[in-house]
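Scroll down for the structure; my scribbles are underneath it.
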Amino acid sequence: MFKEIAHVIYPFLALNEVNKINRYSKERVKYPLYFIAGAPKSGGEILYDILTHYLDVVYPDGIVEKYGKNIFTAFELSNFIFKDKPRRSFSLGKREKYHSPVEFNLFWNRFFDPEEDFADSESVSAENINYLRMAFKSIINRFGPLLMYNQKFGVKLRLLNNIFPDCRIIWVKSNPVFTAQSVFIHRNQKKINHKEWWGCKPENWAEFKDESLVKRIVRQIFEIEKQINSDKALFGDRFMTVDTEDLSSTINTTERIRIFMGKDINYRLNAEDNKHLSKKNRKVSEKVFLRMMEEVQNYDWFSYENSGGFSL
């Protein structure tokens, strides 16, 4: 039903895309942009789901992803169809196809190199920077505070800070053993060949792309987190870190993040209570899990130097 409605309405809304962006971007921006960053499968998707479930924020959903070529119109269309309707959280096992948050890859790939994930501050043209600033400013001023997550944001923080100087970053971290396990399981579920790369590529990914699978997964996580840890100084008090252990107290963590985002961020009315979070335990063979533990202990996950002694 949603697809049919969108197909009919979209052409009419898109007629004034440029005028609407120009109109709303002239106003003083009401909120900064909010980005969730982290290594793949470290909890970013879960936190994205929780925050967009509980907080009254705007986010790209399935409708926005499909019609994102005209980004303002895509958000306008989603707003027209869903309005303030609360959505079901995928953590409750009821993910909604068109209204659940997405990473918005089709849109970002228009501006970021889809082959090289790492991007320095000068990786986007001045023309595109101007467009991105105007487009997101207009969306925020028209629809409200905007929150986005993409697993590649962790290696693009310098660029995001350059494009959006007032943006705020939420870094979500997890025990690297369980992050590695999640990546390993995801690869198996998708039947990805062990020699094939999957997920975000840190700047130096070519140095270890031919390593054994467990070594490669752990190094991938480490290098991405090392990049985030290095770049967080650019943001000062516009940066916060959330550990997935904190998500066992969803309400308290959401409130802490809400305060970081700004006290004028409101809670979403009529949101279902979300009580389900998967417990962290071994879900792969003992042999693989031990290999992951051993590999994780080769790195320093606190200062992110190249060697260290991480203890579980």
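In the structure tokens, the first chain shown is A, the next is B, and so on; residue numbers restart at 1 for each chain, and ligands run from 1 in the order shown.
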
Exercise. If we count only C-alpha atoms, what is near stretch 48-65 of chain A at a cut-off of 6 Å, once residues fewer than 4 positions away on the same chain are taken out, given as a list in words?
Worked result: Gly44, Ala74, Phe75, Ser78, Tyr98, His99, Ser100, Pro101, Val102, Phe104, Pro145, Leu146, Leu147, Asn266, Tyr267 and Arg268 of chain A

The residue from A:Lys226, A:Val124, A:Ser182, A:Glu305 with the smallest atom-to-atom distance to A:Asn281, counting only C-alpha atoms, is A:Ser182

Judged by only C-alpha atoms, the minimum distance to A:Leu247 among A:Val296, A:Ile46, A:Leu33, A:Val155 is found for A:Ile46

**Study point:** Exercise: A:Thr179 partners within 12 Å, only C-alpha atoms, chain neighbours under 4 positions left out, as a ChimeraX atom specification
**Key:** /A:38-44,172-175,183-186,214,217-222,225,243-244,280-283,289,292-293,296

Restrict the selected residues to N, CA and C atoms and save them as a compact mmCIF listing (two decimals), in the first residue's frame.
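Result file is again.txt:
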```txt
# COMPACT_ATOMS: atom_id res chain seq x y z
N GLY A 38 30.81 3.77 14.15
CA GLY A 38 31.36 2.61 14.85
C GLY A 38 31.79 1.56 13.85
N ALA A 39 32.54 0.57 14.31
CA ALA A 39 32.94 -0.54 13.46
C ALA A 39 31.71 -1.36 13.07
N PRO A 40 31.75 -2.05 11.94
CA PRO A 40 30.61 -2.89 11.55
C PRO A 40 30.25 -3.90 12.63
N LYS A 41 28.96 -4.04 12.89
CA LYS A 41 28.41 -5.02 13.84
C LYS A 41 28.86 -4.77 15.28
N SER A 42 29.19 -3.53 15.60
CA SER A 42 29.60 -3.21 16.97
C SER A 42 28.44 -2.62 17.79
N GLY A 43 27.27 -2.54 17.20
CA GLY A 43 26.11 -2.04 17.93
C GLY A 43 25.48 -0.80 17.32
N GLY A 44 26.03 -0.31 16.22
CA GLY A 44 25.51 0.89 15.59
C GLY A 44 24.07 0.74 15.12
N VAL A 172 29.59 4.24 18.99
CA VAL A 172 29.13 3.06 19.71
C VAL A 172 30.20 1.97 19.61
N LYS A 173 30.55 1.44 20.77
CA LYS A 173 31.60 0.42 20.86
C LYS A 173 31.07 -0.83 21.54
N SER A 174 31.74 -1.92 21.31
CA SER A 174 31.39 -3.18 21.96
C SER A 174 32.67 -3.95 22.26
N ASN A 175 32.57 -4.96 23.09
CA ASN A 175 33.69 -5.85 23.30
C ASN A 175 34.13 -6.38 21.93
N VAL A 183 30.51 -10.16 13.08
CA VAL A 183 30.94 -10.06 11.68
C VAL A 183 31.08 -11.46 11.08
N PHE A 184 31.69 -12.36 11.82
CA PHE A 184 31.90 -13.74 11.36
C PHE A 184 30.56 -14.41 11.05
N ILE A 185 29.60 -14.26 11.94
CA ILE A 185 28.27 -14.86 11.75
C ILE A 185 27.57 -14.24 10.54
N HIS A 186 27.65 -12.91 10.42
CA HIS A 186 27.01 -12.24 9.29
C HIS A 186 27.59 -12.73 7.97
N VAL A 214 39.88 -14.68 10.51
CA VAL A 214 39.76 -14.15 11.86
C VAL A 214 40.73 -12.99 12.07
N ILE A 217 39.28 -9.93 10.22
CA ILE A 217 38.11 -9.34 10.87
C ILE A 217 38.54 -8.50 12.08
N VAL A 218 39.40 -9.05 12.93
CA VAL A 218 39.82 -8.33 14.13
C VAL A 218 40.62 -7.09 13.77
N ARG A 219 41.50 -7.22 12.79
CA ARG A 219 42.30 -6.05 12.36
C ARG A 219 41.39 -4.97 11.76
N GLN A 220 40.40 -5.39 11.00
CA GLN A 220 39.44 -4.45 10.42
C GLN A 220 38.76 -3.63 11.51
N ILE A 221 38.28 -4.30 12.53
CA ILE A 221 37.61 -3.62 13.65
C ILE A 221 38.58 -2.67 14.35
N PHE A 222 39.79 -3.16 14.60
CA PHE A 222 40.78 -2.34 15.31
C PHE A 222 41.12 -1.08 14.53
N GLU A 225 38.27 1.50 14.58
CA GLU A 225 38.15 2.14 15.89
C GLU A 225 39.35 3.04 16.17
N ASP A 243 28.96 2.53 25.11
CA ASP A 243 29.31 1.11 25.08
C ASP A 243 28.02 0.29 25.02
N THR A 244 28.02 -0.77 24.24
CA THR A 244 26.80 -1.57 24.12
C THR A 244 26.39 -2.20 25.44
N LYS A 280 25.12 -11.21 25.19
CA LYS A 280 26.42 -11.51 24.61
C LYS A 280 26.92 -12.84 25.13
N ASN A 281 26.99 -13.78 24.25
CA ASN A 281 27.57 -15.07 24.61
C ASN A 281 28.16 -15.71 23.35
N ARG A 282 28.84 -16.79 23.53
CA ARG A 282 29.48 -17.45 22.39
C ARG A 282 28.42 -18.06 21.48
N LYS A 283 28.52 -17.73 20.19
CA LYS A 283 27.56 -18.25 19.21
C LYS A 283 28.24 -18.94 18.05
N PHE A 289 35.97 -19.15 18.47
CA PHE A 289 35.85 -18.12 19.50
C PHE A 289 37.19 -17.89 20.21
N MET A 292 39.48 -15.92 18.07
CA MET A 292 39.12 -14.50 18.12
C MET A 292 39.66 -13.84 19.39
N MET A 293 39.52 -14.51 20.51
CA MET A 293 40.02 -13.99 21.78
C MET A 293 41.53 -13.77 21.71
N VAL A 296 42.32 -10.77 19.39
CA VAL A 296 41.95 -9.49 20.03
C VAL A 296 43.01 -9.06 21.02
```

request  = Taking the chain letters and numbering used in this document, name the residues of stretch 111-295 of chain A that DSSP puts in helix (DSSP H, G or I), as a ChimeraX atom specification.
outcome  = /A:126-143,153-155,157-163,176-189,205-207,213-234,236-238,244-248,250-261,286-295

Min atom-atom distance to A:Leu106 from the set A:Lys209, A:Lys69, A:Arg23, A:His194, counting only C-alpha atoms, belongs to A:Lys69

Review point. When DSSP works through the backbone of this structure, what residues of stretch 183-287 of chain A end up as strand (DSSP E), shown as number ranges by chain?
Key: A: 239-243
